[in-house]
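Peer 1: Sharing a structure, written as structure tokens. Questions coming.
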Amino acid sequence: MKKTSGDIDWRHLDASHHLHPFTDNKALRLTGVRVIEKAEGVYLWDGDGNRYLDGFAGLWCVNVGYGRKELIEAAAAQMQQLPYYNLFFKTTTMPAIELAQAICELTPPGLNQVFFTGSGSEANDTVFRMVRRYWDLRGQKKKKVFIARKNAYHGSTVAGASLGGMRYMHEQGDLPIPGIEHIEQPYAFELAGDLSSEAFGRLAAGWLEQKILELGPEHVAAFIGEPIQGAGGVIIPPLNYWSEVEKICRKYDVLICADEVICGFGRLGHWFGCQHFGFTPDFMSIAKGLSSGYLPIGGVVVRDEVAELLVEQGGEFNHGFTYSGHPVCAAVALANLRILREERIVETVRKQSGPYLSRKLAELVDHPLVGEVRNIGLIGAIELVADKHTRKRCGKLGDTGSLCRDMALREGLILRATGDTMLLSPPLIISGAEIDELVAKTRLALDATAAQLGL
Ligand SMILES: *Cc1c(COP(=O)(O)O)cnc(C)c1O
């Protein structure tokens, strides 16, 4: 029987037994939770019958949109055939093999080996262990330190949260673990001042070189970063930043780990974020868009030279997950990649919907609250400020962002806020008319926010 919100007091039940992730559960129990009941295309419906345009693709993940029959059928068929088997003990399954091959057809040249995980956090934990194993095998046992960035997000496991640069996460549970250093992020809106984009790109990459020299290159194992930092506020680095970072890493024999969990599978209008920025990593962490979030699956793509050493000299790698390459998740991911390819969705993001979103967002720049808009493909941000010229924020950082997010909800639009930065990441199948709606509703939310602030 199909349950509807009318039959049961879902809010009360949720408050009775359910601890939510990244949530003040006490506050949530007081306000009551929103129950999402169904979805189609770019739209969601809650239990009260309200419709929302999902400007956030779930959590940056529903790339092909909701309700795709091909994914549902792939899951059902694989469930019938083989609902589960593991990849340990000299065994494999056909969906895992096919998915590894399909991923490697899309990756940049030289990245042709995949290790599967159940999530993005597990992917970064895997990178952490593989990198250290690699340097051990190379006989460089001191090369252990990871350099990451402030305000980065690499997941919520102990290694993921430690690699990440979120202070509010580090404060809980004595993180980061040892062997991880954080440098400043390439956040032009806050840090570039009067510098040109190129000069700021060189400056920000220079922070990495400084840190490597400070630690001694013989101690530095790897640099990890999201091509565009997502959760931190859609921080888009200058176009030359990553190629400068690549030069520095190659100069000091430091591995490059691209956390492609958000940028991978089309969000920037390329299959992977590194292709937009023109660099080749040694490791890519993937998840989210790999299955469009329909089922949990992630992985690590390893560069050939690195994989060869791990395979040829590594013996048994004592690492893996019960759900590594889960056959049903893999079958769904395969169907998802097929849709992305056959419907030329990545190309459409690069040539049409991404540039169109840029033009529409630019129309918001005249709004008194808007300090900057930026996007690449279908990931973007709107900076909210009290004063466009000084870029001064309004009152306590984060209050305006939360207010604007609530106002957007009232308009039937889901946006996310990091501090006073509004974040956009709609499903990649969003149409021109739906982008118009997204931006029109964003303007209404901005107006309502300004009115509430008395501006
Ligand atoms: C979401 C995210 C992760 C963590 O993925 P989970 O599947 O939630 O563990 C890691 N890195 C980036 C860049 C992310 O956005």
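Quick note on naming: the chains in the structure tokens go A, B, ... in the order shown, residues restart at 1 in each chain, and ligands are numbered from 1 in order of appearance.
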Which residues come within 6 Å of region 203-219 of chain A, counting only C-alpha atoms, excluding same-chain residues fewer than 6 positions away, as a list in words?
Peer 2: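 Here the answer would be Lys142, Lys143, Lys144, Val145, Pro186, Tyr241, Glu244, Val245 and Tyr252 of chain A.
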Peer 1: Can you work out which residues are within 7 Å of ligand 1, considering only C-alpha atoms and all ligand atoms, and then hand them over as a VMD selection string?
Peer 2: chain A and resid 119 to 122 124 153 to 156 226 229 to 231 259 to 262 287 to 288
Peer 1: Residues of the last selection are to be written out with all heavy atoms, as a short mmCIF file (atom, residue, chain, number, x, y, z; two decimals), in the first residue's frame.
Peer 2:
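And here's selection.cif as it stands now:
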data_model
loop_
_atom_site.label_atom_id
_atom_site.label_comp_id
_atom_site.auth_asym_id
_atom_site.auth_seq_id
_atom_site.Cartn_x
_atom_site.Cartn_y
_atom_site.Cartn_z
N SER A 119 30.92 5.38 -1.30
CA SER A 119 30.61 6.81 -1.16
C SER A 119 31.84 7.64 -1.48
O SER A 119 32.95 7.10 -1.65
CB SER A 119 30.20 7.10 0.29
OG SER A 119 31.32 6.96 1.15
N GLY A 120 31.63 8.96 -1.49
CA GLY A 120 32.74 9.87 -1.72
C GLY A 120 33.72 9.90 -0.56
O GLY A 120 34.94 9.99 -0.75
N SER A 121 33.20 9.83 0.66
CA SER A 121 34.08 9.81 1.83
C SER A 121 35.00 8.59 1.78
O SER A 121 36.20 8.68 2.00
CB SER A 121 33.26 9.74 3.13
OG SER A 121 32.39 10.83 3.23
N GLU A 122 34.40 7.45 1.46
CA GLU A 122 35.21 6.23 1.37
C GLU A 122 36.21 6.32 0.23
O GLU A 122 37.31 5.75 0.32
CB GLU A 122 34.31 5.01 1.15
CG GLU A 122 33.49 4.62 2.36
CD GLU A 122 32.50 3.49 2.08
OE1 GLU A 122 32.51 2.93 0.96
OE2 GLU A 122 31.72 3.17 2.97
N ASN A 124 37.79 9.06 -0.65
CA ASN A 124 38.92 9.85 -0.17
C ASN A 124 39.73 9.10 0.90
O ASN A 124 40.95 9.25 0.97
CB ASN A 124 38.45 11.21 0.33
CG ASN A 124 38.06 12.11 -0.84
OD1 ASN A 124 38.68 12.05 -1.90
ND2 ASN A 124 37.03 12.92 -0.66
N TYR A 153 35.77 20.39 1.17
CA TYR A 153 34.94 19.30 1.69
C TYR A 153 35.35 18.00 1.02
O TYR A 153 35.28 17.87 -0.20
CB TYR A 153 33.44 19.56 1.45
CG TYR A 153 32.61 18.53 2.17
CD1 TYR A 153 32.42 18.60 3.56
CD2 TYR A 153 32.06 17.43 1.51
CE1 TYR A 153 31.71 17.64 4.25
CE2 TYR A 153 31.35 16.46 2.20
CZ TYR A 153 31.17 16.56 3.56
OH TYR A 153 30.47 15.60 4.26
N HIS A 154 35.81 17.05 1.85
CA HIS A 154 36.21 15.75 1.32
C HIS A 154 35.47 14.61 2.01
O HIS A 154 35.94 13.48 2.01
CB HIS A 154 37.72 15.58 1.43
CG HIS A 154 38.50 16.56 0.61
ND1 HIS A 154 38.35 16.68 -0.76
CD2 HIS A 154 39.41 17.51 0.96
CE1 HIS A 154 39.16 17.64 -1.22
NE2 HIS A 154 39.81 18.18 -0.21
N GLY A 155 34.34 14.92 2.64
CA GLY A 155 33.55 13.86 3.25
C GLY A 155 33.55 13.94 4.76
O GLY A 155 34.13 14.86 5.36
N SER A 156 32.90 12.97 5.38
CA SER A 156 32.61 13.07 6.80
C SER A 156 33.17 11.91 7.63
O SER A 156 32.95 11.84 8.83
CB SER A 156 31.08 13.16 6.98
OG SER A 156 30.77 13.57 8.27
N GLU A 226 39.30 19.83 -4.57
CA GLU A 226 38.18 19.76 -5.50
C GLU A 226 38.49 20.74 -6.64
O GLU A 226 38.87 21.87 -6.37
CB GLU A 226 36.88 20.21 -4.82
CG GLU A 226 36.50 19.44 -3.56
CD GLU A 226 35.73 20.32 -2.57
OE1 GLU A 226 34.53 20.51 -2.76
OE2 GLU A 226 36.34 20.83 -1.61
N GLN A 229 35.66 24.00 -5.43
CA GLN A 229 35.19 23.62 -4.09
C GLN A 229 33.67 23.80 -4.04
O GLN A 229 33.16 24.89 -4.28
CB GLN A 229 35.83 24.54 -3.04
CG GLN A 229 37.17 24.03 -2.56
CD GLN A 229 37.98 25.15 -1.94
OE1 GLN A 229 38.68 25.86 -2.64
NE2 GLN A 229 37.85 25.32 -0.65
N GLY A 230 32.96 22.72 -3.70
CA GLY A 230 31.51 22.77 -3.70
C GLY A 230 30.93 23.29 -2.40
O GLY A 230 30.51 24.45 -2.30
N ALA A 231 30.92 22.43 -1.39
CA ALA A 231 30.26 22.76 -0.12
C ALA A 231 30.84 24.02 0.51
O ALA A 231 30.14 24.75 1.22
CB ALA A 231 30.37 21.58 0.84
N ASP A 259 39.50 15.66 -6.13
CA ASP A 259 38.23 15.17 -5.59
C ASP A 259 37.13 15.61 -6.55
O ASP A 259 36.66 16.75 -6.52
CB ASP A 259 38.00 15.72 -4.18
CG ASP A 259 36.74 15.16 -3.55
OD1 ASP A 259 35.89 14.65 -4.30
OD2 ASP A 259 36.60 15.24 -2.32
N GLU A 260 36.75 14.68 -7.42
CA GLU A 260 35.79 14.95 -8.51
C GLU A 260 34.37 14.55 -8.11
O GLU A 260 33.53 14.33 -8.98
CB GLU A 260 36.21 14.19 -9.77
CG GLU A 260 37.53 14.64 -10.38
CD GLU A 260 37.34 15.76 -11.42
OE1 GLU A 260 36.19 16.18 -11.62
OE2 GLU A 260 38.34 16.19 -12.00
N VAL A 261 34.13 14.43 -6.80
CA VAL A 261 32.83 13.89 -6.37
C VAL A 261 31.67 14.76 -6.87
O VAL A 261 30.64 14.25 -7.28
CB VAL A 261 32.81 13.69 -4.84
CG1 VAL A 261 31.40 13.38 -4.35
CG2 VAL A 261 33.75 12.56 -4.45
N ILE A 262 31.86 16.08 -6.89
CA ILE A 262 30.83 16.97 -7.45
C ILE A 262 31.09 17.27 -8.93
O ILE A 262 30.18 17.21 -9.76
CB ILE A 262 30.76 18.31 -6.67
CG1 ILE A 262 30.16 18.06 -5.28
CG2 ILE A 262 29.94 19.34 -7.44
CD1 ILE A 262 30.14 19.29 -4.38
N ALA A 287 31.92 9.90 -7.05
CA ALA A 287 30.71 9.39 -6.37
C ALA A 287 29.52 10.16 -6.96
O ALA A 287 29.48 10.40 -8.17
CB ALA A 287 30.79 9.55 -4.86
N LYS A 288 28.60 10.62 -6.12
CA LYS A 288 27.46 11.47 -6.51
C LYS A 288 26.95 11.23 -7.94
O LYS A 288 26.18 10.32 -8.17
CB LYS A 288 27.80 12.93 -6.25
CG LYS A 288 27.95 13.21 -4.75
CD LYS A 288 27.96 14.66 -4.37
CE LYS A 288 27.89 14.80 -2.85
NZ LYS A 288 29.00 15.50 -2.25
#
Peer 1: Which of region 98-205 of chain A counts as alpha helix (DSSP H) under DSSP, as an MDAnalysis selection string please?
Peer 2: chainID A and resid 98:106 120:137 158:163 167:170 188:191 197:205
Peer 1: Excluding same-chain residues fewer than 2 positions from Gln185 (chain A), what lies within 6 Å of it counting only C-alpha atoms, as a count of residues only?
Peer 2: 3
Peer 1: Taking only C-alpha atoms into account, which of A:Glu363, A:Asp14, A:Asp24, A:Glu383 comes nearest Leu424 (chain A)?
Peer 2: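 The closest residue to Leu424 (chain A) is A:Glu383.
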Peer 1: Apply DSSP to the backbone of this structure and, from region 206-378 of chain A, keep only the residues in strand (DSSP E or B); write these as a ChimeraX atom specification.
Peer 2: /A:220-225,229,235,255-259,283-286,298-303,370-376
Peer 1: I need the residues from that last selection saved to file as a PDB file, in the first residue's frame (with N, CA and C atoms), if you can.
Peer 2:
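Heads up, here's the output in out27.pdb:
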ATOM      1  N   VAL A 220      56.270  15.511   1.812  1.00  0.00           N
ATOM      2  CA  VAL A 220      54.941  15.785   1.253  1.00  0.00           C
ATOM      3  C   VAL A 220      54.542  14.699   0.251  1.00  0.00           C
ATOM      4  N   ALA A 221      53.457  14.000   0.569  1.00  0.00           N
ATOM      5  CA  ALA A 221      53.002  12.874  -0.250  1.00  0.00           C
ATOM      6  C   ALA A 221      52.095  13.332  -1.374  1.00  0.00           C
ATOM      7  N   ALA A 222      51.153  14.231  -1.066  1.00  0.00           N
ATOM      8  CA  ALA A 222      50.118  14.549  -2.061  1.00  0.00           C
ATOM      9  C   ALA A 222      49.440  15.869  -1.742  1.00  0.00           C
ATOM     10  N   PHE A 223      48.869  16.455  -2.799  1.00  0.00           N
ATOM     11  CA  PHE A 223      47.969  17.597  -2.659  1.00  0.00           C
ATOM     12  C   PHE A 223      46.590  17.115  -3.069  1.00  0.00           C
ATOM     13  N   ILE A 224      45.569  17.446  -2.275  1.00  0.00           N
ATOM     14  CA  ILE A 224      44.207  17.067  -2.638  1.00  0.00           C
ATOM     15  C   ILE A 224      43.331  18.310  -2.726  1.00  0.00           C
ATOM     16  N   GLY A 225      42.488  18.369  -3.770  1.00  0.00           N
ATOM     17  CA  GLY A 225      41.571  19.498  -3.883  1.00  0.00           C
ATOM     18  C   GLY A 225      40.413  19.173  -4.805  1.00  0.00           C
ATOM     19  N   GLN A 229      35.657  23.998  -5.430  1.00  0.00           N
ATOM     20  CA  GLN A 229      35.189  23.625  -4.093  1.00  0.00           C
ATOM     21  C   GLN A 229      33.675  23.796  -4.042  1.00  0.00           C
ATOM     22  N   ILE A 235      33.672  27.684  -4.795  1.00  0.00           N
ATOM     23  CA  ILE A 235      34.865  28.508  -4.982  1.00  0.00           C
ATOM     24  C   ILE A 235      35.487  28.097  -6.316  1.00  0.00           C
ATOM     25  N   LEU A 255      52.093  13.917  -5.354  1.00  0.00           N
ATOM     26  CA  LEU A 255      50.951  13.383  -6.122  1.00  0.00           C
ATOM     27  C   LEU A 255      49.783  14.366  -6.091  1.00  0.00           C
ATOM     28  N   ILE A 256      48.977  14.348  -7.174  1.00  0.00           N
ATOM     29  CA  ILE A 256      47.814  15.238  -7.267  1.00  0.00           C
ATOM     30  C   ILE A 256      46.540  14.402  -7.169  1.00  0.00           C
ATOM     31  N   CYS A 257      45.699  14.731  -6.176  1.00  0.00           N
ATOM     32  CA  CYS A 257      44.425  14.024  -6.001  1.00  0.00           C
ATOM     33  C   CYS A 257      43.303  15.006  -6.283  1.00  0.00           C
ATOM     34  N   ALA A 258      42.529  14.745  -7.325  1.00  0.00           N
ATOM     35  CA  ALA A 258      41.394  15.605  -7.647  1.00  0.00           C
ATOM     36  C   ALA A 258      40.141  14.968  -7.051  1.00  0.00           C
ATOM     37  N   ASP A 259      39.500  15.665  -6.129  1.00  0.00           N
ATOM     38  CA  ASP A 259      38.233  15.169  -5.588  1.00  0.00           C
ATOM     39  C   ASP A 259      37.132  15.614  -6.549  1.00  0.00           C
ATOM     40  N   PHE A 283      45.113  10.744  -8.942  1.00  0.00           N
ATOM     41  CA  PHE A 283      43.940  10.060  -8.383  1.00  0.00           C
ATOM     42  C   PHE A 283      42.717  10.944  -8.608  1.00  0.00           C
ATOM     43  N   MET A 284      41.589  10.326  -8.926  1.00  0.00           N
ATOM     44  CA  MET A 284      40.322  11.060  -8.949  1.00  0.00           C
ATOM     45  C   MET A 284      39.335  10.325  -8.054  1.00  0.00           C
ATOM     46  N   SER A 285      38.770  11.030  -7.078  1.00  0.00           N
ATOM     47  CA  SER A 285      37.689  10.463  -6.270  1.00  0.00           C
ATOM     48  C   SER A 285      36.380  10.768  -6.978  1.00  0.00           C
ATOM     49  N   ILE A 286      35.535   9.743  -7.089  1.00  0.00           N
ATOM     50  CA  ILE A 286      34.239   9.928  -7.759  1.00  0.00           C
ATOM     51  C   ILE A 286      33.110   9.370  -6.887  1.00  0.00           C
ATOM     52  N   GLY A 298      30.708   4.936  -5.142  1.00  0.00           N
ATOM     53  CA  GLY A 298      31.817   5.846  -5.405  1.00  0.00           C
ATOM     54  C   GLY A 298      33.016   5.047  -5.861  1.00  0.00           C
ATOM     55  N   GLY A 299      34.123   5.740  -6.042  1.00  0.00           N
ATOM     56  CA  GLY A 299      35.327   5.033  -6.451  1.00  0.00           C
ATOM     57  C   GLY A 299      36.521   5.954  -6.554  1.00  0.00           C
ATOM     58  N   VAL A 300      37.660   5.330  -6.828  1.00  0.00           N
ATOM     59  CA  VAL A 300      38.891   6.079  -7.050  1.00  0.00           C
ATOM     60  C   VAL A 300      39.457   5.635  -8.380  1.00  0.00           C
ATOM     61  N   VAL A 301      39.729   6.595  -9.267  1.00  0.00           N
ATOM     62  CA  VAL A 301      40.385   6.285 -10.532  1.00  0.00           C
ATOM     63  C   VAL A 301      41.865   6.595 -10.337  1.00  0.00           C
ATOM     64  N   VAL A 302      42.713   5.654 -10.720  1.00  0.00           N
ATOM     65  CA  VAL A 302      44.147   5.764 -10.447  1.00  0.00           C
ATOM     66  C   VAL A 302      44.910   5.857 -11.762  1.00  0.00           C
ATOM     67  N   ARG A 303      45.881   6.763 -11.788  1.00  0.00           N
ATOM     68  CA  ARG A 303      46.716   6.938 -12.981  1.00  0.00           C
ATOM     69  C   ARG A 303      47.580   5.695 -13.222  1.00  0.00           C
ATOM     70  N   VAL A 370      23.347  41.652  -4.183  1.00  0.00           N
ATOM     71  CA  VAL A 370      24.248  40.741  -4.895  1.00  0.00           C
ATOM     72  C   VAL A 370      25.627  41.367  -5.117  1.00  0.00           C
ATOM     73  N   GLY A 371      26.644  40.726  -4.555  1.00  0.00           N
ATOM     74  CA  GLY A 371      28.017  41.213  -4.705  1.00  0.00           C
ATOM     75  C   GLY A 371      28.725  40.594  -5.889  1.00  0.00           C
ATOM     76  N   GLU A 372      28.355  39.374  -6.219  1.00  0.00           N
ATOM     77  CA  GLU A 372      28.972  38.688  -7.367  1.00  0.00           C
ATOM     78  C   GLU A 372      28.112  37.489  -7.726  1.00  0.00           C
ATOM     79  N   VAL A 373      28.064  37.141  -9.019  1.00  0.00           N
ATOM     80  CA  VAL A 373      27.535  35.840  -9.434  1.00  0.00           C
ATOM     81  C   VAL A 373      28.655  35.143 -10.196  1.00  0.00           C
ATOM     82  N   ARG A 374      28.687  33.828 -10.110  1.00  0.00           N
ATOM     83  CA  ARG A 374      29.706  33.082 -10.865  1.00  0.00           C
ATOM     84  C   ARG A 374      29.165  31.685 -11.147  1.00  0.00           C
ATOM     85  N   ASN A 375      29.552  31.113 -12.270  1.00  0.00           N
ATOM     86  CA  ASN A 375      29.241  29.703 -12.537  1.00  0.00           C
ATOM     87  C   ASN A 375      30.153  29.163 -13.620  1.00  0.00           C
ATOM     88  N   ILE A 376      30.344  27.861 -13.582  1.00  0.00           N
ATOM     89  CA  ILE A 376      30.933  27.111 -14.691  1.00  0.00           C
ATOM     90  C   ILE A 376      29.948  25.981 -14.936  1.00  0.00           C
TER      91      ILE A 376
END
